[in-house]
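Asker: Dropping in work-v5.cif, which is mmCIF, C-alpha atoms:
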```cif
data_run
loop_
_atom_site.label_atom_id
_atom_site.label_comp_id
_atom_site.auth_asym_id
_atom_site.auth_seq_id
_atom_site.Cartn_x
_atom_site.Cartn_y
_atom_site.Cartn_z
CA MET L 88 38.30 -44.42 87.76
CA ARG L 89 35.85 -41.74 86.65
CA ASP L 90 35.44 -38.54 88.60
CA GLY L 91 32.06 -36.96 89.42
CA ALA L 92 32.08 -34.61 86.44
CA ASP L 93 32.76 -37.47 84.01
CA LYS L 94 29.93 -39.50 85.48
CA GLN L 95 27.53 -36.57 85.27
CA ARG L 96 28.45 -36.04 81.63
CA LEU L 97 28.04 -39.75 80.92
CA ASP L 98 24.62 -39.79 82.61
CA ARG L 99 23.52 -36.73 80.70
CA ASP L 100 24.71 -38.21 77.40
CA PHE L 101 22.90 -41.46 78.06
CA THR L 102 19.68 -39.66 78.93
CA GLU L 103 19.96 -37.76 75.65
CA LEU L 104 20.52 -41.00 73.77
CA TYR L 105 17.51 -42.55 75.48
CA SER L 106 15.26 -39.57 74.78
CA ALA L 107 16.37 -39.24 71.18
CA HIS L 108 16.07 -42.91 70.23
CA LEU L 109 13.42 -44.53 72.41
CA ARG L 110 10.96 -44.34 69.52
CA ASP L 111 13.54 -45.72 67.05
CA VAL L 112 14.31 -48.72 69.23
CA TYR L 113 10.64 -49.35 69.93
CA SER L 114 9.69 -49.06 66.25
CA TYR L 115 12.49 -51.41 65.25
CA ALA L 116 11.49 -53.89 67.96
CA TYR L 117 7.84 -53.75 66.96
CA TYR L 118 8.47 -54.37 63.27
CA ARG L 119 10.94 -57.18 64.05
CA ILE L 120 8.82 -58.92 66.68
CA GLY L 121 5.30 -58.12 65.52
CA ASN L 122 3.55 -57.50 68.84
CA HIS L 123 3.63 -54.65 71.33
CA HIS L 124 4.13 -56.73 74.46
CA ASP L 125 7.37 -58.34 73.34
CA ALA L 126 8.49 -55.14 71.63
CA GLU L 127 8.34 -53.42 75.04
CA ASP L 128 10.45 -56.18 76.58
CA LEU L 129 12.99 -55.97 73.80
CA THR L 130 13.19 -52.17 74.04
CA GLU L 131 13.73 -52.34 77.78
CA GLN L 132 16.44 -54.98 77.45
CA THR L 133 18.13 -52.98 74.71
CA PHE L 134 18.47 -49.89 76.89
CA LEU L 135 19.53 -51.86 79.97
CA GLN L 136 22.23 -53.55 77.94
CA ALA L 137 23.22 -50.21 76.48
CA TYR L 138 23.69 -48.78 80.00
CA ARG L 139 26.18 -51.46 80.81
CA HIS L 140 28.39 -50.75 77.82
CA PHE L 141 27.69 -47.09 77.21
CA GLU L 142 31.00 -45.71 78.40
CA ARG L 143 33.03 -48.00 76.18
CA ALA L 144 30.72 -47.49 73.19
CA GLN L 145 30.99 -43.74 73.54
CA ARG L 146 34.78 -43.95 73.77
CA GLU L 147 35.05 -46.21 70.73
CA SER L 148 32.54 -44.31 68.61
CA ALA L 149 34.95 -41.37 68.36
CA GLY L 150 32.07 -38.91 68.11
CA ARG L 151 30.02 -40.86 65.55
CA PRO L 152 26.27 -41.21 66.21
CA LEU L 153 25.40 -44.07 68.55
CA ARG L 154 22.07 -44.97 66.98
CA PRO L 155 23.55 -47.80 64.85
CA TRP L 156 25.14 -49.27 67.98
CA LEU L 157 21.82 -49.10 69.82
CA ILE L 158 19.95 -50.71 66.92
CA ARG L 159 22.62 -53.40 66.68
CA ILE L 160 21.94 -54.31 70.32
CA ALA L 161 18.22 -54.52 69.51
CA HIS L 162 19.06 -56.56 66.39
CA ASN L 163 21.03 -59.11 68.43
CA LEU L 164 18.32 -59.34 71.07
CA ALA L 165 15.65 -59.79 68.39
CA ALA L 166 17.71 -62.57 66.81
CA ASN L 167 17.91 -64.28 70.22
CA TYR L 168 14.17 -63.83 70.64
CA HIS L 169 13.41 -65.52 67.33
CA ARG L 170 15.90 -68.27 67.96
CA ASP L 171 14.54 -68.98 71.45
CA ARG L 172 10.92 -69.00 70.45
CA SER L 173 11.30 -70.35 66.92
CA ARG L 174 7.96 -69.02 65.86
CA ARG L 175 6.45 -66.44 63.57
CA PRO L 176 5.28 -63.04 64.89
CA GLN L 177 2.00 -63.30 66.82
CA THR L 178 0.44 -60.13 65.49
CA ARG L 179 0.23 -58.99 61.90
CA LEU L 180 2.42 -55.95 61.38
CA GLU L 181 -0.18 -54.00 59.47
CA ASP L 182 -2.29 -53.49 62.61
CA ALA L 183 -0.09 -50.72 64.02
CA ALA L 184 1.21 -49.19 60.84
CA VAL L 185 -2.07 -48.80 59.01
CA VAL L 186 -3.83 -47.37 62.05
CA SER L 187 -1.18 -44.73 62.62
CA ALA L 188 -0.44 -43.87 58.98
CA PRO L 189 -1.77 -40.47 57.93
CA HIS L 190 -4.24 -40.59 55.03
CA ASP L 191 -6.86 -38.42 53.41
CA THR L 192 -10.36 -39.76 54.03
CA GLU L 193 -11.09 -40.58 50.38
CA ASP L 194 -7.83 -42.53 50.07
CA LEU L 195 -8.36 -44.43 53.27
CA VAL L 196 -9.94 -47.66 52.00
CA GLU L 197 -7.74 -48.13 48.96
CA GLY L 198 -4.67 -46.84 50.82
CA ARG L 199 -5.10 -49.38 53.60
CA GLN L 200 -5.29 -52.21 51.13
CA GLU L 201 -2.13 -51.06 49.37
CA LEU L 202 -0.22 -50.60 52.62
CA GLN L 203 -1.32 -54.00 53.88
CA GLU L 204 -0.02 -55.58 50.69
CA VAL L 205 3.30 -53.77 51.11
CA LEU L 206 3.63 -54.83 54.75
CA GLU L 207 2.75 -58.41 53.95
CA GLY L 208 5.37 -58.30 51.20
CA VAL L 209 7.95 -56.97 53.68
CA THR L 210 7.25 -59.81 56.13
CA ARG L 211 7.89 -62.34 53.34
CA LEU L 212 11.37 -60.95 52.55
CA PRO L 213 14.52 -62.66 53.84
CA GLU L 214 15.46 -61.40 57.28
CA ASP L 215 18.42 -59.20 56.29
CA ARG L 216 16.43 -57.48 53.53
CA ARG L 217 13.45 -56.95 55.82
CA GLU L 218 15.69 -55.45 58.49
CA ALA L 219 17.35 -53.08 56.05
CA LEU L 220 13.94 -51.80 54.91
CA ILE L 221 12.77 -51.31 58.50
CA MET L 222 15.90 -49.31 59.29
CA ARG L 223 15.62 -47.23 56.12
CA PHE L 224 11.91 -46.47 56.14
CA ALA L 225 10.67 -46.79 59.74
CA LEU L 226 13.78 -45.29 61.34
CA GLY L 227 15.00 -43.08 58.50
CA MET L 228 18.57 -44.36 58.74
CA ASP L 229 20.99 -43.68 55.87
CA ASN L 230 23.21 -46.30 54.21
CA ARG L 231 26.15 -45.57 56.48
CA GLU L 232 24.10 -46.01 59.65
CA ILE L 233 22.44 -49.19 58.37
CA ALA L 234 25.83 -50.58 57.37
CA ARG L 235 27.17 -50.00 60.89
CA ALA L 236 24.09 -51.54 62.50
CA LEU L 237 24.26 -54.64 60.30
CA GLY L 238 28.05 -54.94 60.36
CA ARG L 239 28.35 -54.64 56.56
CA SER L 240 30.09 -52.30 54.16
CA GLU L 241 28.20 -49.32 52.79
CA GLY L 242 28.35 -50.79 49.29
CA ALA L 243 26.93 -54.11 50.41
CA THR L 244 24.17 -52.29 52.28
CA LYS L 245 23.23 -50.26 49.23
CA VAL L 246 22.95 -53.46 47.19
CA LEU L 247 20.95 -55.14 49.96
CA ILE L 248 18.37 -52.33 50.05
CA HIS L 249 18.13 -52.19 46.26
CA ARG L 250 17.50 -55.94 46.07
CA ALA L 251 14.97 -55.78 48.89
CA ILE L 252 12.95 -53.13 47.06
CA ARG L 253 13.20 -55.03 43.76
CA GLN L 254 12.02 -58.25 45.40
CA LEU L 255 9.15 -56.42 47.04
CA GLU L 256 8.16 -54.85 43.71
CA GLN L 257 8.16 -58.23 42.02
CA GLY L 258 6.09 -59.74 44.80
CA LEU L 259 3.52 -56.96 44.58
CA ALA L 260 3.38 -57.22 40.78
CA HIS L 261 2.79 -60.96 41.06
CA GLU L 262 -0.07 -60.38 43.54
CA GLN L 263 -1.68 -57.79 41.28
CA GLN L 264 -1.95 -60.10 38.28
CA PRO L 265 -5.59 -60.99 37.64
CA VAL L 266 -6.56 -64.32 39.20
CA GLY L 267 -7.72 -65.67 35.81
CA ASN L 268 -4.16 -65.42 34.41
CA ALA L 269 -3.13 -68.57 36.21
CA ASP L 270 -5.56 -70.60 34.06
CA ASP L 271 -4.73 -68.86 30.78
CA MET I 150 -3.56 -50.88 41.84
CA THR I 151 0.00 -50.27 43.05
CA GLU I 152 2.34 -48.39 40.75
CA LEU I 153 5.66 -50.16 41.07
CA GLY I 154 7.56 -46.90 40.88
CA ASP I 155 5.77 -45.85 44.04
CA VAL I 156 6.96 -48.77 46.16
CA GLU I 157 9.38 -46.56 48.07
CA THR I 158 6.61 -44.07 48.76
CA LEU I 159 4.35 -46.87 49.92
CA LEU I 160 7.11 -48.21 52.16
CA ARG I 161 7.40 -44.79 53.78
CA LEU I 162 3.66 -44.77 54.43
CA ALA I 163 3.49 -48.38 55.59
CA LEU I 164 6.55 -48.50 57.84
CA VAL I 165 5.65 -45.53 60.02
CA PRO I 166 7.48 -45.02 63.34
CA VAL I 167 5.56 -46.56 66.24
CA GLU I 168 5.18 -44.49 69.41
CA PRO I 169 6.20 -46.38 72.56
CA PRO I 170 3.59 -46.58 75.33
CA GLU I 171 4.08 -44.14 78.22
CA ALA I 172 4.30 -47.03 80.69
CA LEU I 173 7.53 -48.14 79.05
CA GLY I 174 9.39 -45.26 80.74
CA ASP I 175 8.26 -46.53 84.16
CA ARG I 176 9.35 -50.06 83.28
CA LEU I 177 12.73 -48.82 82.22
CA GLU I 178 13.06 -46.89 85.47
CA ARG I 179 12.31 -50.08 87.42
CA GLY I 180 14.85 -51.98 85.35
CA LEU I 181 17.48 -49.39 86.13
CA SER I 182 16.66 -49.56 89.83
CA GLU I 183 17.12 -53.32 89.76
CA LEU I 184 20.40 -52.89 87.93
CA ALA I 185 21.58 -50.43 90.59
CA ASP I 186 20.37 -52.76 93.39
CA ALA I 187 22.12 -55.75 91.84
CA ALA I 188 25.36 -53.79 91.63
CA ALA I 189 24.96 -52.71 95.28
CA GLY I 190 24.29 -56.35 96.26
CA GLU I 191 27.44 -57.41 94.50
CA LEU I 192 29.36 -54.93 96.63
CA ALA I 193 27.68 -56.15 99.83
CA ASP I 194 28.82 -59.69 99.03
CA TRP I 195 32.33 -58.56 98.46
CA GLU I 196 34.64 -60.52 100.68
CA LEU I 197 37.97 -59.07 101.60
CA SER I 198 39.67 -62.43 101.28
CA THR I 199 38.94 -62.56 97.55
CA MET I 200 40.53 -59.17 97.15
CA ARG I 201 43.92 -60.52 98.05
CA ASP I 202 44.03 -61.87 94.50
CA PRO I 203 44.47 -58.95 92.06
CA ARG I 204 42.55 -60.90 89.41
CA ASN I 205 39.37 -60.24 91.44
CA TRP I 206 39.83 -56.51 91.71
CA GLY I 207 37.97 -55.69 88.52
CA ARG I 208 34.61 -57.08 89.60
CA PRO I 209 33.71 -54.76 92.50
CA VAL I 210 35.05 -51.78 90.57
CA ALA I 211 32.77 -52.73 87.66
CA ALA I 212 29.87 -53.08 90.11
CA VAL I 213 30.50 -49.55 91.42
CA LEU I 214 30.62 -48.18 87.88
CA VAL I 215 27.48 -49.98 86.67
CA GLY I 216 25.56 -49.16 89.85
CA GLY I 217 26.69 -45.57 89.81
CA THR I 218 25.79 -45.07 86.17
CA ALA I 219 22.39 -46.73 86.52
CA ALA I 220 21.53 -44.72 89.61
CA GLY I 221 22.62 -41.49 87.94
CA VAL I 222 20.64 -42.16 84.79
CA LEU I 223 17.71 -43.19 86.93
CA VAL I 224 17.70 -39.76 88.55
CA LEU I 225 17.71 -38.07 85.15
CA VAL I 226 14.98 -40.29 83.70
CA ARG I 227 12.87 -39.78 86.81
CA ALA I 228 13.39 -36.01 86.64
CA ARG I 229 12.12 -36.00 83.07
CA GLN I 230 9.09 -38.08 84.02
CA GLN I 231 8.31 -35.75 86.91
CA GLN I 232 8.57 -32.78 84.58
CA ARG I 233 6.10 -34.49 82.22
CA LYS I 234 3.78 -35.22 85.14
CA ARG I 235 3.99 -31.57 86.25
CA GLU I 236 3.01 -30.47 82.76
CA LEU I 237 0.09 -32.90 82.80
CA THR I 238 -0.87 -31.77 86.29
CA GLY I 239 -0.94 -28.18 85.04
CA VAL I 240 -3.28 -29.09 82.21
CA ARG I 241 -5.49 -31.10 84.57
CA ALA I 242 -5.59 -28.20 87.04
CA LEU I 243 -6.67 -25.92 84.22
CA GLN I 244 -9.38 -28.39 83.18
CA ARG I 245 -10.48 -28.68 86.82
CA GLY I 246 -10.57 -24.92 87.09
CA VAL I 247 -12.79 -24.66 84.01
CA ARG I 248 -15.07 -27.39 85.40
CA ASP I 249 -15.29 -25.59 88.77
CA VAL I 250 -16.22 -22.31 87.14
CA ALA I 251 -18.85 -24.03 84.98
CA GLY I 252 -20.28 -25.83 88.02
CA ASP I 253 -20.37 -22.60 89.99
CA LEU I 254 -22.21 -20.81 87.18
CA ARG I 255 -24.69 -23.67 86.92
CA LYS I 256 -25.42 -23.48 90.68
CA ARG I 257 -25.98 -19.73 90.51
CA MET I 258 -28.34 -20.06 87.56
CA ASN I 259 -30.33 -22.76 89.35
CA ARG I 260 -30.84 -20.55 92.40
#
```
Take the structure I supplied and represent it as structure tokens, if you would.

Answerer:
Amino acid sequence: MRDGADKQRLDRDFTELYSAHLRDVYSYAYYRIGNHHDAEDLTEQTFLQAYRHFERAQRESAGRPLRPWLIRIAHNLAANYHRDRSRRPQTRLEDAAVVSAPHDTEDLVEGRQELQEVLEGVTRLPEDRREALIMRFALGMDNREIARALGRSEGATKVLIHRAIRQLEQGLAHEQQPVGNADD
Amino acid sequence: MTELGDVETLLRLALVPVEPPEALGDRLERGLSELADAAAGELADWELSTMRDPRNWGRPVAAVLVGGTAAGVLVLVRARQQQRKRELTGVRALQRGVRDVAGDLRKRMNR
């Protein structure tokens, strides 16, 4: 049984985890789900589930960062969400990202177009590749963290990210070919 | 035209972190309250007869731990929200003060 000091420490640690990673969990949820309403639900459920298992997770983490564990909870909940609803995201991802991305005024029009193409390309990737890119670029996670969140080895994660970027590049190159080429 | 070598740069620009809405903190607080209430309800339903079997001992203990943790975290989350509100209140008071001074000046000039 915990004593009062242990509980206080646990509460404080959880509050720190919550404060530090609320944006990470929300960003992940948004890019996985594609609309703000369900992303809020998923974020809430992620933290409520995390509360229930926090003590054990902290004990088993042996001092390692808990962000991958938190994102793994969100990952499992998002998988349930997609399985239950069996439908594509309701809102196009580019809505949030392009609005909030910083740009110089003169680059705005062309920049938006490019970013929309990239985001559309990301949504067409297989799920594991898309997830790895979200974790790397939206959350800034390194290979080790992504590997822990996805339950893979670091080597496999590195390959996964490399292939995701290559596939995205090829998709973008294909889109940028002049329309007339198809008839040539 | 996209330079393929810049795909990583474009990904960084496209996949920007998304700020959660402020109301999400309130929702989370409510969720924690419900979690604490549910754990308390579990304790209220605890029947002594079931406790004769040691296999049932874990459940109420778990309810105490979950309820206790949720309530404790709830206090901390609420404290942070109140601090944020106080900061906002301070800014609003300052804005109100500026408005009051401006209104007062306007009245004097109209006299």

Asker: Run through the PyMOL selection byres ((chain L) within 9 of (chain I)) on the given coordinates and return the selected residues as a PDB file with C-alpha atoms, in the coordinates of the input.

Answerer:
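Result file is part_17.pdb:
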```pdb
ATOM      1  CA  MET L  88      38.300 -44.420  87.760  1.00  0.00           C
ATOM      2  CA  ARG L  89      35.850 -41.740  86.650  1.00  0.00           C
ATOM      3  CA  LYS L  94      29.930 -39.500  85.480  1.00  0.00           C
ATOM      4  CA  GLN L  95      27.530 -36.570  85.270  1.00  0.00           C
ATOM      5  CA  LEU L  97      28.040 -39.750  80.920  1.00  0.00           C
ATOM      6  CA  ASP L  98      24.620 -39.790  82.610  1.00  0.00           C
ATOM      7  CA  ARG L  99      23.520 -36.730  80.700  1.00  0.00           C
ATOM      8  CA  PHE L 101      22.900 -41.460  78.060  1.00  0.00           C
ATOM      9  CA  THR L 102      19.680 -39.660  78.930  1.00  0.00           C
ATOM     10  CA  TYR L 105      17.510 -42.550  75.480  1.00  0.00           C
ATOM     11  CA  SER L 106      15.260 -39.570  74.780  1.00  0.00           C
ATOM     12  CA  LEU L 109      13.420 -44.530  72.410  1.00  0.00           C
ATOM     13  CA  ARG L 110      10.960 -44.340  69.520  1.00  0.00           C
ATOM     14  CA  ASP L 111      13.540 -45.720  67.050  1.00  0.00           C
ATOM     15  CA  TYR L 113      10.640 -49.350  69.930  1.00  0.00           C
ATOM     16  CA  SER L 114       9.690 -49.060  66.250  1.00  0.00           C
ATOM     17  CA  TYR L 115      12.490 -51.410  65.250  1.00  0.00           C
ATOM     18  CA  TYR L 117       7.840 -53.750  66.960  1.00  0.00           C
ATOM     19  CA  TYR L 118       8.470 -54.370  63.270  1.00  0.00           C
ATOM     20  CA  HIS L 123       3.630 -54.650  71.330  1.00  0.00           C
ATOM     21  CA  GLU L 127       8.340 -53.420  75.040  1.00  0.00           C
ATOM     22  CA  ASP L 128      10.450 -56.180  76.580  1.00  0.00           C
ATOM     23  CA  THR L 130      13.190 -52.170  74.040  1.00  0.00           C
ATOM     24  CA  GLU L 131      13.730 -52.340  77.780  1.00  0.00           C
ATOM     25  CA  GLN L 132      16.440 -54.980  77.450  1.00  0.00           C
ATOM     26  CA  PHE L 134      18.470 -49.890  76.890  1.00  0.00           C
ATOM     27  CA  LEU L 135      19.530 -51.860  79.970  1.00  0.00           C
ATOM     28  CA  TYR L 138      23.690 -48.780  80.000  1.00  0.00           C
ATOM     29  CA  ARG L 139      26.180 -51.460  80.810  1.00  0.00           C
ATOM     30  CA  HIS L 140      28.390 -50.750  77.820  1.00  0.00           C
ATOM     31  CA  GLU L 181      -0.180 -54.000  59.470  1.00  0.00           C
ATOM     32  CA  ALA L 183      -0.090 -50.720  64.020  1.00  0.00           C
ATOM     33  CA  ALA L 184       1.210 -49.190  60.840  1.00  0.00           C
ATOM     34  CA  VAL L 185      -2.070 -48.800  59.010  1.00  0.00           C
ATOM     35  CA  SER L 187      -1.180 -44.730  62.620  1.00  0.00           C
ATOM     36  CA  ALA L 188      -0.440 -43.870  58.980  1.00  0.00           C
ATOM     37  CA  PRO L 189      -1.770 -40.470  57.930  1.00  0.00           C
ATOM     38  CA  HIS L 190      -4.240 -40.590  55.030  1.00  0.00           C
ATOM     39  CA  GLU L 197      -7.740 -48.130  48.960  1.00  0.00           C
ATOM     40  CA  ARG L 199      -5.100 -49.380  53.600  1.00  0.00           C
ATOM     41  CA  GLU L 201      -2.130 -51.060  49.370  1.00  0.00           C
ATOM     42  CA  LEU L 202      -0.220 -50.600  52.620  1.00  0.00           C
ATOM     43  CA  GLN L 203      -1.320 -54.000  53.880  1.00  0.00           C
ATOM     44  CA  VAL L 205       3.300 -53.770  51.110  1.00  0.00           C
ATOM     45  CA  LEU L 206       3.630 -54.830  54.750  1.00  0.00           C
ATOM     46  CA  VAL L 209       7.950 -56.970  53.680  1.00  0.00           C
ATOM     47  CA  LEU L 220      13.940 -51.800  54.910  1.00  0.00           C
ATOM     48  CA  ILE L 221      12.770 -51.310  58.500  1.00  0.00           C
ATOM     49  CA  ARG L 223      15.620 -47.230  56.120  1.00  0.00           C
ATOM     50  CA  PHE L 224      11.910 -46.470  56.140  1.00  0.00           C
ATOM     51  CA  ALA L 225      10.670 -46.790  59.740  1.00  0.00           C
ATOM     52  CA  LEU L 226      13.780 -45.290  61.340  1.00  0.00           C
ATOM     53  CA  ILE L 252      12.950 -53.130  47.060  1.00  0.00           C
ATOM     54  CA  LEU L 255       9.150 -56.420  47.040  1.00  0.00           C
ATOM     55  CA  GLU L 256       8.160 -54.850  43.710  1.00  0.00           C
ATOM     56  CA  GLN L 257       8.160 -58.230  42.020  1.00  0.00           C
ATOM     57  CA  LEU L 259       3.520 -56.960  44.580  1.00  0.00           C
ATOM     58  CA  ALA L 260       3.380 -57.220  40.780  1.00  0.00           C
ATOM     59  CA  GLN L 263      -1.680 -57.790  41.280  1.00  0.00           C
TER      60      GLN L 263
END
```

Asker: For the atom pair CA of Leu237 in chain L and CA of Ala107 in chain L, what is the interatomic distance in Å to one decimal place?

Answerer: 20.4 Å

Asker: Which value, in Å to one decimal, gives the distance between CA of Arg216 in chain L and CA of Ala251 in chain L?

Answerer: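 Spanning CA of Arg216 in chain L to CA of Ala251 in chain L is a straight-line distance of 5.2 Å.
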
Asker: Padding 3 Å on every side, please: axis-aligned box over the listed atoms of range 110-123 of chain L, centre and edge lengths to one decimal in Å, as lines of an AutoDock Vina configuration file.

Answerer:
```
center_x = 8.9
center_y = -51.6
center_z = 67.3
size_x = 16.8
size_y = 20.6
size_z = 14.1
```

Asker: So what do you get for CA of His249 in chain L versus CA of Ala165 in chain L, distance-wise?

Answerer: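 Result for CA of His249 in chain L versus CA of Ala165 in chain L: 23.5 Å, one decimal.
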
Asker: Closest to Arg231 in chain L among L:Arg119, L:Arg217, L:His169, L:Arg154, using all atoms listed in the file?

Answerer: L:Arg154

Asker: Do you know which residues the PyMOL selection byres ((chain L and resi 159) around 12) returns on this file, as a VMD selection string?

Answerer: chain L and resid 111 to 112 115 to 116 133 to 134 136 to 137 144 153 to 158 160 to 166 218 to 219 222 232 to 239

Asker: For the residues selected in the previous step, produce a file with C-alpha atoms as a short mmCIF file (atom, residue, chain, number, x, y, z; two decimals), keeping the file's coordinate frame.

Answerer:
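What follows is the written file result-v9.cif:
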```cif
data_model
loop_
_atom_site.label_atom_id
_atom_site.label_comp_id
_atom_site.auth_asym_id
_atom_site.auth_seq_id
_atom_site.Cartn_x
_atom_site.Cartn_y
_atom_site.Cartn_z
CA ASP L 111 13.54 -45.72 67.05
CA VAL L 112 14.31 -48.72 69.23
CA TYR L 115 12.49 -51.41 65.25
CA ALA L 116 11.49 -53.89 67.96
CA THR L 133 18.13 -52.98 74.71
CA PHE L 134 18.47 -49.89 76.89
CA GLN L 136 22.23 -53.55 77.94
CA ALA L 137 23.22 -50.21 76.48
CA ALA L 144 30.72 -47.49 73.19
CA LEU L 153 25.40 -44.07 68.55
CA ARG L 154 22.07 -44.97 66.98
CA PRO L 155 23.55 -47.80 64.85
CA TRP L 156 25.14 -49.27 67.98
CA LEU L 157 21.82 -49.10 69.82
CA ILE L 158 19.95 -50.71 66.92
CA ILE L 160 21.94 -54.31 70.32
CA ALA L 161 18.22 -54.52 69.51
CA HIS L 162 19.06 -56.56 66.39
CA ASN L 163 21.03 -59.11 68.43
CA LEU L 164 18.32 -59.34 71.07
CA ALA L 165 15.65 -59.79 68.39
CA ALA L 166 17.71 -62.57 66.81
CA GLU L 218 15.69 -55.45 58.49
CA ALA L 219 17.35 -53.08 56.05
CA MET L 222 15.90 -49.31 59.29
CA GLU L 232 24.10 -46.01 59.65
CA ILE L 233 22.44 -49.19 58.37
CA ALA L 234 25.83 -50.58 57.37
CA ARG L 235 27.17 -50.00 60.89
CA ALA L 236 24.09 -51.54 62.50
CA LEU L 237 24.26 -54.64 60.30
CA GLY L 238 28.05 -54.94 60.36
CA ARG L 239 28.35 -54.64 56.56
#
```
